[in-house]
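The data block below is coords.pdb; it holds PDB, C-alpha atoms, pLDDT in the B column.
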MODEL        1
ATOM      1  CA  MET A   1     -13.877  -3.479  -6.382  1.00 87.00           C
ATOM      2  CA  SER A   2     -13.281  -2.483  -2.760  1.00 94.00           C
ATOM      3  CA  VAL A   3     -10.392  -0.268  -1.676  1.00 95.00           C
ATOM      4  CA  ARG A   4      -8.813  -3.263   0.072  1.00 96.00           C
ATOM      5  CA  LEU A   5      -8.907  -5.405  -3.064  1.00 97.00           C
ATOM      6  CA  ARG A   6      -7.567  -2.563  -5.211  1.00 97.00           C
ATOM      7  CA  ILE A   7      -4.641  -2.072  -2.817  1.00 97.00           C
ATOM      8  CA  ILE A   8      -3.817  -5.780  -2.725  1.00 97.00           C
ATOM      9  CA  ALA A   9      -4.024  -5.973  -6.525  1.00 97.00           C
ATOM     10  CA  ALA A  10      -1.694  -2.965  -6.805  1.00 98.00           C
ATOM     11  CA  MET A  11       0.741  -4.535  -4.328  1.00 97.00           C
ATOM     12  CA  ARG A  12       0.832  -7.726  -6.387  1.00 97.00           C
ATOM     13  CA  GLN A  13       1.302  -5.831  -9.645  1.00 97.00           C
ATOM     14  CA  VAL A  14       4.150  -3.672  -8.298  1.00 97.00           C
ATOM     15  CA  ALA A  15       5.774  -6.731  -6.720  1.00 97.00           C
ATOM     16  CA  GLU A  16       5.691  -8.552 -10.052  1.00 97.00           C
ATOM     17  CA  GLU A  17       7.147  -5.566 -11.902  1.00 97.00           C
ATOM     18  CA  GLN A  18       9.879  -5.075  -9.279  1.00 95.00           C
ATOM     19  CA  LYS A  19      10.627  -8.816  -9.101  1.00 95.00           C
ATOM     20  CA  VAL A  20       9.621  -8.990  -5.438  1.00 94.00           C
ATOM     21  CA  THR A  21       8.360 -12.257  -3.985  1.00 95.00           C
ATOM     22  CA  LEU A  22       5.490 -11.313  -1.723  1.00 94.00           C
ATOM     23  CA  PRO A  23       4.709 -13.372   1.349  1.00 96.00           C
ATOM     24  CA  PRO A  24       1.013 -14.065   1.975  1.00 95.00           C
ATOM     25  CA  LEU A  25      -0.622 -10.665   2.402  1.00 95.00           C
ATOM     26  CA  ASP A  26      -2.557 -10.475   5.635  1.00 95.00           C
ATOM     27  CA  ASP A  27      -3.330  -7.557   7.936  1.00 97.00           C
ATOM     28  CA  ALA A  28      -0.670  -8.533  10.493  1.00 97.00           C
ATOM     29  CA  LEU A  29       2.205  -8.716   7.986  1.00 97.00           C
ATOM     30  CA  SER A  30       4.827  -6.084   8.740  1.00 97.00           C
ATOM     31  CA  LEU A  31       5.449  -3.811   5.773  1.00 95.00           C
ATOM     32  CA  HIS A  32       9.137  -4.258   6.525  1.00 93.00           C
ATOM     33  CA  GLU A  33       8.706  -7.995   5.829  1.00 95.00           C
ATOM     34  CA  SER A  34       6.679  -7.470   2.641  1.00 94.00           C
ATOM     35  CA  GLY A  35       9.748  -7.456   0.416  1.00 94.00           C
ATOM     36  CA  PHE A  36       9.205  -3.913  -0.872  1.00 94.00           C
ATOM     37  CA  ASP A  37      12.061  -1.442  -0.691  1.00 94.00           C
ATOM     38  CA  SER A  38      11.574   2.342  -0.609  1.00 93.00           C
ATOM     39  CA  LEU A  39      11.286   2.504  -4.412  1.00 95.00           C
ATOM     40  CA  GLY A  40       8.642  -0.223  -4.398  1.00 95.00           C
ATOM     41  CA  PHE A  41       6.602   1.657  -1.796  1.00 94.00           C
ATOM     42  CA  ALA A  42       6.983   4.924  -3.712  1.00 94.00           C
ATOM     43  CA  ILE A  43       5.696   3.248  -6.878  1.00 97.00           C
ATOM     44  CA  LEU A  44       2.851   1.628  -4.938  1.00 97.00           C
ATOM     45  CA  VAL A  45       1.724   4.882  -3.306  1.00 95.00           C
ATOM     46  CA  ALA A  46       1.927   6.739  -6.644  1.00 96.00           C
ATOM     47  CA  ARG A  47      -0.135   4.032  -8.374  1.00 97.00           C
ATOM     48  CA  LEU A  48      -2.714   4.086  -5.617  1.00 96.00           C
ATOM     49  CA  GLU A  49      -2.933   7.868  -5.816  1.00 95.00           C
ATOM     50  CA  ASP A  50      -3.629   7.566  -9.550  1.00 96.00           C
ATOM     51  CA  ASP A  51      -6.171   4.786  -8.994  1.00 95.00           C
ATOM     52  CA  LEU A  52      -7.907   6.031  -5.846  1.00 94.00           C
ATOM     53  CA  GLY A  53      -7.309   9.756  -6.273  1.00 92.00           C
ATOM     54  CA  VAL A  54      -5.755  10.206  -2.846  1.00 90.00           C
ATOM     55  CA  ASP A  55      -2.488   9.887  -0.960  1.00 90.00           C
ATOM     56  CA  PRO A  56      -3.403   9.628   2.733  1.00 90.00           C
ATOM     57  CA  PHE A  57       0.204  10.192   3.768  1.00 85.00           C
ATOM     58  CA  THR A  58       0.299  13.744   2.405  1.00 83.00           C
ATOM     59  CA  LEU A  59      -3.180  14.804   3.530  1.00 69.00           C
ATOM     60  CA  SER A  60      -2.183  15.305   7.150  1.00 68.00           C
ATOM     61  CA  GLU A  61       0.887  16.931   8.642  1.00 68.00           C
ATOM     62  CA  ASP A  62       0.996  14.340  11.429  1.00 66.00           C
ATOM     63  CA  ALA A  63       0.388  11.256   9.290  1.00 66.00           C
ATOM     64  CA  ALA A  64       2.609   8.387  10.343  1.00 74.00           C
ATOM     65  CA  PHE A  65       3.631   5.671   7.934  1.00 82.00           C
ATOM     66  CA  PRO A  66       1.797   2.436   8.768  1.00 92.00           C
ATOM     67  CA  LEU A  67       3.621  -0.573  10.167  1.00 95.00           C
ATOM     68  CA  THR A  68       1.504  -3.426   8.826  1.00 97.00           C
ATOM     69  CA  VAL A  69      -0.427  -4.260   5.663  1.00 97.00           C
ATOM     70  CA  GLY A  70      -3.638  -3.797   7.653  1.00 97.00           C
ATOM     71  CA  ASP A  71      -2.541  -0.333   8.799  1.00 95.00           C
ATOM     72  CA  PHE A  72      -1.608   0.563   5.219  1.00 96.00           C
ATOM     73  CA  ILE A  73      -5.038  -0.469   3.928  1.00 96.00           C
ATOM     74  CA  LYS A  74      -6.835   1.348   6.766  1.00 94.00           C
ATOM     75  CA  ALA A  75      -4.969   4.546   5.904  1.00 92.00           C
ATOM     76  CA  TYR A  76      -6.688   4.482   2.508  1.00 92.00           C
ATOM     77  CA  GLU A  77     -10.042   3.242   3.791  1.00 91.00           C
ATOM     78  CA  ASN A  78     -10.209   5.985   6.435  1.00 86.00           C
ATOM     79  CA  VAL A  79      -9.510   8.980   4.200  1.00 81.00           C
ATOM     80  CA  PRO A  80     -12.236  11.564   4.769  1.00 71.00           C
ATOM     81  CA  ALA A  81     -14.478  12.050   1.764  1.00 62.00           C
TER      82      ALA A  81
ENDMDL
END
Please re-express this file's structure in structure tokens.
Amino acid sequence: MSVRLRIIAAMRQVAEEQKVTLPPLDDALSLHESGFDSLGFAILVARLEDDLGVDPFTLSEDAAFPLTVGDFIKAYENVPA
């Protein structure tokens, strides 16, 4: 399964567990409009770190939090090997 599909699956799973109704997930969707609160994002990032073995937001001192779902996915897809 691709990184993108794993992230989307994780987003759906966390949303279900947190009782969040997700809008359609597309690259342009603002993370602010996703329905996740800070706890939901923390759970999501922790799950993805367990699944993918990386947290791109702690790898770099100047890492900025992404604004859209597409930016969020790219942060994981663009982690140096």
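Picture a line from atom CA of A:Arg4 to atom CA of A:Val45; it runs 13.7 Å.
Across the structure, atom CA of A:Glu33 and atom CA of A:Pro80 are spaced 28.7 Å apart.
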Next item on the list: Tell me which residues the PyMOL selection byres ((chain A and resi 72) around 12) grabs here, as a count of residues only.
Entry: 37
Check: Exactly which residues make up the result of the PyMOL selection byres ((chain A and resi 37) around 12) on this file, given as a VMD selection string?
Finding: chain A and resid 14 to 15 18 to 22 31 to 36 38 to 44
Using C-alpha atoms, can you export the residues from the last selection as a PDB file, keeping the file's coordinate frame?
ATOM      1  CA  VAL A  14       4.150  -3.672  -8.298  1.00 97.00           C
ATOM      2  CA  ALA A  15       5.774  -6.731  -6.720  1.00 97.00           C
ATOM      3  CA  GLN A  18       9.879  -5.075  -9.279  1.00 95.00           C
ATOM      4  CA  LYS A  19      10.627  -8.816  -9.101  1.00 95.00           C
ATOM      5  CA  VAL A  20       9.621  -8.990  -5.438  1.00 94.00           C
ATOM      6  CA  THR A  21       8.360 -12.257  -3.985  1.00 95.00           C
ATOM      7  CA  LEU A  22       5.490 -11.313  -1.723  1.00 94.00           C
ATOM      8  CA  LEU A  31       5.449  -3.811   5.773  1.00 95.00           C
ATOM      9  CA  HIS A  32       9.137  -4.258   6.525  1.00 93.00           C
ATOM     10  CA  GLU A  33       8.706  -7.995   5.829  1.00 95.00           C
ATOM     11  CA  SER A  34       6.679  -7.470   2.641  1.00 94.00           C
ATOM     12  CA  GLY A  35       9.748  -7.456   0.416  1.00 94.00           C
ATOM     13  CA  PHE A  36       9.205  -3.913  -0.872  1.00 94.00           C
ATOM     14  CA  SER A  38      11.574   2.342  -0.609  1.00 93.00           C
ATOM     15  CA  LEU A  39      11.286   2.504  -4.412  1.00 95.00           C
ATOM     16  CA  GLY A  40       8.642  -0.223  -4.398  1.00 95.00           C
ATOM     17  CA  PHE A  41       6.602   1.657  -1.796  1.00 94.00           C
ATOM     18  CA  ALA A  42       6.983   4.924  -3.712  1.00 94.00           C
ATOM     19  CA  ILE A  43       5.696   3.248  -6.878  1.00 97.00           C
ATOM     20  CA  LEU A  44       2.851   1.628  -4.938  1.00 97.00           C
TER      21      LEU A  44
END
Notebook entry, point to check: What does the distance from atom CA of A:Val54 to atom CA of A:Pro24 come to in Å, to one decimal?
Noted result: 25.7 Å
